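Below: one structure, written as structure tokens.
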Amino acid sequence: MKNVLILLFVAIGLASCSKDTLDSIERDTAQNIIRLNKWFDVVKTETENGETHTEILVGNEQNSYIEFRANGNAYIMKNDQSFADPIPYSMPDNKVMIFDGVRYEIQENIISTITKFTLKNVEGDKTTTIQFKRR
């Protein structure tokens, strides 16, 4: 009986939340998942007019990992144990990330997958994707 009452109170509490509150909770959860631990493989792919250029940002011989911090910056740890210049980022909602000044759509539901996420930006004929993976 006690469990039923607790479940009832939780259900009433969630039902009374506004859409903005629920969106904020989803965004905060997505941010926490992104900030959790480090991303060891990051690949940026640009496709324009049928030509594709791929660049390994992290996981190559120069950079070990990238980590997103709560201060709104991402930091790449170089193999010599120094950090590259900070990369600003923000998440206006759980499906959008502004990374280094460019607005990207997040392709996955980050809340359901914690091992990878992909950013995608389309501007005219140019499509840029950045895929982040954990090991």
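Ligands are numbered from 1 in the order shown, residues from 1 within each chain, and chains are lettered A, B, ... in the order they appear in the structure tokens.
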
Item to complete: Looking only at strand (DSSP E or B) from DSSP on the backbone, list the matching residues of stretch 33-75 of chain A as a VMD selection string.
Response: chain A and resid 39 41 to 48 51 to 58 63 to 68 73 to 75

Item to complete: May I have the residues within 9 Å of A:Val58 as a VMD selection string, using only C-alpha atoms and disregarding those fewer than 3 positions away in the same chain?
Response: chain A and resid 39 to 43 61 to 66 76 to 78 132

For the residues in the current selection, export N, CA and C atoms as a PDB file, in the first residue's frame.
```pdb
ATOM      1  N   TRP A  39      35.789  10.983 -24.309  1.00  0.00           N
ATOM      2  CA  TRP A  39      35.507  10.483 -25.649  1.00  0.00           C
ATOM      3  C   TRP A  39      36.852  10.243 -26.328  1.00  0.00           C
ATOM      4  N   PHE A  40      37.125   8.988 -26.713  1.00  0.00           N
ATOM      5  CA  PHE A  40      38.447   8.615 -27.200  1.00  0.00           C
ATOM      6  C   PHE A  40      38.568   8.574 -28.718  1.00  0.00           C
ATOM      7  N   ASP A  41      37.480   8.536 -29.431  1.00  0.00           N
ATOM      8  CA  ASP A  41      37.507   8.515 -30.897  1.00  0.00           C
ATOM      9  C   ASP A  41      36.553   9.580 -31.418  1.00  0.00           C
ATOM     10  N   VAL A  42      37.100  10.587 -32.098  1.00  0.00           N
ATOM     11  CA  VAL A  42      36.282  11.661 -32.656  1.00  0.00           C
ATOM     12  C   VAL A  42      36.708  11.865 -34.102  1.00  0.00           C
ATOM     13  N   VAL A  43      35.747  11.698 -35.015  1.00  0.00           N
ATOM     14  CA  VAL A  43      36.023  11.815 -36.438  1.00  0.00           C
ATOM     15  C   VAL A  43      35.097  12.858 -37.053  1.00  0.00           C
ATOM     16  N   GLU A  61      47.542  10.002 -33.566  1.00  0.00           N
ATOM     17  CA  GLU A  61      48.839  10.015 -32.898  1.00  0.00           C
ATOM     18  C   GLU A  61      49.097  11.310 -32.125  1.00  0.00           C
ATOM     19  N   GLN A  62      48.207  12.304 -32.257  1.00  0.00           N
ATOM     20  CA  GLN A  62      48.416  13.589 -31.606  1.00  0.00           C
ATOM     21  C   GLN A  62      47.508  13.809 -30.399  1.00  0.00           C
ATOM     22  N   ASN A  63      46.287  13.306 -30.452  1.00  0.00           N
ATOM     23  CA  ASN A  63      45.301  13.611 -29.408  1.00  0.00           C
ATOM     24  C   ASN A  63      44.737  12.339 -28.780  1.00  0.00           C
ATOM     25  N   SER A  64      44.714  12.319 -27.444  1.00  0.00           N
ATOM     26  CA  SER A  64      44.286  11.129 -26.711  1.00  0.00           C
ATOM     27  C   SER A  64      42.784  11.049 -26.496  1.00  0.00           C
ATOM     28  N   TYR A  65      42.177  12.160 -26.044  1.00  0.00           N
ATOM     29  CA  TYR A  65      40.743  12.163 -25.764  1.00  0.00           C
ATOM     30  C   TYR A  65      40.234  13.590 -25.711  1.00  0.00           C
ATOM     31  N   ILE A  66      38.902  13.703 -25.707  1.00  0.00           N
ATOM     32  CA  ILE A  66      38.241  14.991 -25.503  1.00  0.00           C
ATOM     33  C   ILE A  66      37.270  14.817 -24.345  1.00  0.00           C
ATOM     34  N   ILE A  76      40.677  18.979 -25.442  1.00  0.00           N
ATOM     35  CA  ILE A  76      41.351  17.841 -26.061  1.00  0.00           C
ATOM     36  C   ILE A  76      42.686  17.648 -25.356  1.00  0.00           C
ATOM     37  N   MET A  77      42.886  16.444 -24.832  1.00  0.00           N
ATOM     38  CA  MET A  77      44.157  16.087 -24.208  1.00  0.00           C
ATOM     39  C   MET A  77      45.076  15.550 -25.299  1.00  0.00           C
ATOM     40  N   LYS A  78      46.204  16.206 -25.462  1.00  0.00           N
ATOM     41  CA  LYS A  78      47.197  15.767 -26.447  1.00  0.00           C
ATOM     42  C   LYS A  78      48.006  14.613 -25.864  1.00  0.00           C
ATOM     43  N   PHE A 132      31.425  11.126 -32.081  1.00  0.00           N
ATOM     44  CA  PHE A 132      32.143  10.933 -30.831  1.00  0.00           C
ATOM     45  C   PHE A 132      31.863   9.526 -30.342  1.00  0.00           C
TER      46      PHE A 132
END
```

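The coordinates place atom CA of A:Asp28 at 12.3 Å from atom CA of A:Val96.
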
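Restricting the calculation to only C-alpha atoms, the smallest distance between A:Thr129 and any of A:Lys95, A:Arg27, A:His53, A:Arg35 is found for A:His53.
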
Determine, for each residue of stretch 18-97 of chain A having at least one atom at most 8 Å from an atom of stretch 108-126 of chain A, the closest pair of atoms and their separation in Å to one decimal, counting only C-alpha atoms; order by chain and ascending number, as JSON lines.
```
{"residue": "A:Glu26", "atom": "CA", "partner": "A:Ile111", "partner_atom": "CA", "distance": 7.7}
{"residue": "A:Thr29", "atom": "CA", "partner": "A:Ile111", "partner_atom": "CA", "distance": 6.8}
{"residue": "A:Ala30", "atom": "CA", "partner": "A:Ile111", "partner_atom": "CA", "distance": 5.6}
{"residue": "A:Ile33", "atom": "CA", "partner": "A:Ile114", "partner_atom": "CA", "distance": 6.4}
{"residue": "A:Ile34", "atom": "CA", "partner": "A:Ile114", "partner_atom": "CA", "distance": 7.7}
{"residue": "A:Glu46", "atom": "CA", "partner": "A:Lys126", "partner_atom": "CA", "distance": 6.9}
{"residue": "A:Thr47", "atom": "CA", "partner": "A:Lys126", "partner_atom": "CA", "distance": 5.6}
{"residue": "A:Glu48", "atom": "CA", "partner": "A:Lys126", "partner_atom": "CA", "distance": 4.4}
{"residue": "A:Asn49", "atom": "CA", "partner": "A:Asp125", "partner_atom": "CA", "distance": 6.2}
{"residue": "A:Asn94", "atom": "CA", "partner": "A:Ile110", "partner_atom": "CA", "distance": 7.9}
{"residue": "A:Lys95", "atom": "CA", "partner": "A:Asn109", "partner_atom": "CA", "distance": 7.6}
{"residue": "A:Met97", "atom": "CA", "partner": "A:Leu119", "partner_atom": "CA", "distance": 7.5}
```

Discussion item. Nearest residue to A:Leu57 out of A:Ser82, A:Gln131, A:Ser90, A:Glu105, using only C-alpha atoms?
Written reply: A:Gln131

Worksheet item: Interatomic distance between atom CA of A:Ile98 and atom CA of A:Gly59?
Response: 22.1 Å

Worksheet item: Which residue out of A:Glu55, A:Asp93, A:Asp80, A:Glu67 has the minimum interatomic distance to A:Ile130 when only C-alpha atoms are used?
Response: A:Glu55

Discussion item. According to DSSP computed on the backbone, where in stretch 9-126 of chain A is there helix (DSSP H, G or I)? Give the residues as a PyMOL selection string.
Written reply: chain A and resi 9-15+19-35

Fill in: Who sits within 9 Å of stretch 85-88 of chain A, only C-alpha atoms, same chain under 4 positions skipped, as a ChimeraX atom specification
/A:71-76,98-101
